[in-house]
Amino acid sequence: MIALIQRVSEARVEVEARTTGAIEAGLLALVAVQPGDGETQARRLLERILGYRVFADAEGRMNRSLADTGGGLLLVSQFTLAADTRSGMRPGFSTAAAPDEAERWFNHLVDRARESHARVEIGRFGAHMKVHLVNDGPVTFWLEAR
């Protein structure tokens, strides 16, 4: 599983001009599922998303995590993160999980996140989404759980 996390001051997702999820300060996580991902990868990725220290402490250093701050978490499925872009001018998607498998494990990640964190919002799996965000920093990190 892959996540591109961005520290945001606000973020929201719209599907068909309706907001499906919105947060104030916290993390936006764009998530891709790869073939063979399962419980181990979902657990590890969530642990990293909630525990990754990207928020400032009293000295201004990135020493606080989302779990420490209690900020919002907006999870958005994005299979294109798993694309093979090593050659050519068009991405290949054989490195992304099949839609049914990806939806199953993305939803599993969402369920575990909601059990572990107070404020979790989501987009809509497989939908054409408009993601609006204000990246705070900018601070963006690529996390991978294999």
# chains A, B, ... in the order shown; residues from 1 in each chain; ligands from 1

$ closest_atom_pairs --of "range 11-76 of chain A" --to "range 94-108 of chain A" --cutoff "8 Å" --atoms "only C-alpha atoms" --output "tab-separated table"
residue	atom	partner	partner_atom	distance
A:Val31	CA	A:Phe106	CA	7.6
A:Ala32	CA	A:Ala96	CA	7.2
A:Val33	CA	A:Ala102	CA	5.2
A:Gln34	CA	A:Ala97	CA	4.5
A:Pro35	CA	A:Ala97	CA	4.3
A:Gly36	CA	A:Ala97	CA	7.6
A:Asp37	CA	A:Trp105	CA	7.5
A:Gly38	CA	A:Trp105	CA	6.4
A:Glu39	CA	A:Trp105	CA	7.8
A:Ala42	CA	A:Trp105	CA	7.2

$ select_by_dssp --residues "chain A" --states "helix (DSSP H, G or I)" --output "count of residues only"
39

$ atom_distance --atom1 "CA of Asp57 in chain A" --atom2 "CA of Gln6 in chain A"
17.5 Å

$ closest_residue --among "A:Arg86, A:Ile5, A:Val110, A:Asp136" --to "Gly123 in chain A" --atoms "only C-alpha atoms"
A:Val110

$ select_by_dssp --residues "range 97-145 of chain A" --states "strand (DSSP E or B)" --output "list of chain:residue names"
A:Val120, A:Glu121, A:Ile122, A:Lys130, A:Val131, A:His132, A:Leu133, A:Val134, A:Asn135, A:Asp136, A:Gly137, A:Pro138, A:Val139, A:Thr140, A:Phe141, A:Trp142, A:Leu143, A:Glu144

$ residues_around --residues "Ile2 in chain A" --least-positions-apart "2" --cutoff "9 Å" --atoms "only C-alpha atoms" --output "number ranges by chain"
A: 4, 30-34, 45, 81-82, 142-146

$ write_last_selection --atoms "N, CA and C atoms" --output "short mmCIF file (atom, residue, chain, number, x, y, z; two decimals), in the first residue's frame"
data_model
loop_
_atom_site.label_atom_id
_atom_site.label_comp_id
_atom_site.auth_asym_id
_atom_site.auth_seq_id
_atom_site.Cartn_x
_atom_site.Cartn_y
_atom_site.Cartn_z
N LEU A 4 0.33 9.00 -0.20
CA LEU A 4 0.96 10.31 -0.34
C LEU A 4 0.23 11.18 0.66
N LEU A 30 -3.69 10.36 0.14
CA LEU A 30 -4.09 9.72 -1.11
C LEU A 30 -3.53 8.31 -1.04
N VAL A 31 -4.37 7.30 -1.23
CA VAL A 31 -3.99 5.91 -0.95
C VAL A 31 -4.18 5.03 -2.17
N ALA A 32 -3.15 4.21 -2.45
CA ALA A 32 -3.22 3.21 -3.53
C ALA A 32 -2.96 1.83 -2.94
N VAL A 33 -3.69 0.86 -3.45
CA VAL A 33 -3.52 -0.54 -3.06
C VAL A 33 -2.81 -1.25 -4.20
N GLN A 34 -1.81 -2.06 -3.85
CA GLN A 34 -1.06 -2.82 -4.84
C GLN A 34 -1.44 -4.29 -4.76
N LEU A 45 0.54 0.72 7.17
CA LEU A 45 0.34 2.03 6.57
C LEU A 45 -0.43 2.95 7.51
N LEU A 81 -1.41 6.35 -7.99
CA LEU A 81 -0.15 6.36 -7.24
C LEU A 81 0.65 5.08 -7.45
N ALA A 82 -0.04 4.00 -7.76
CA ALA A 82 0.62 2.70 -7.95
C ALA A 82 1.07 2.49 -9.39
N TRP A 142 5.77 10.62 0.87
CA TRP A 142 5.39 9.36 0.25
C TRP A 142 5.65 8.26 1.29
N LEU A 143 4.61 7.51 1.67
CA LEU A 143 4.77 6.39 2.59
C LEU A 143 4.40 5.11 1.88
N GLU A 144 5.13 4.06 2.17
CA GLU A 144 4.84 2.78 1.54
C GLU A 144 4.93 1.68 2.59
N ALA A 145 3.99 0.76 2.56
CA ALA A 145 3.99 -0.39 3.44
C ALA A 145 3.99 -1.63 2.58
N ARG A 146 5.07 -2.39 2.59
CA ARG A 146 5.17 -3.60 1.79
C ARG A 146 5.14 -4.81 2.67
#
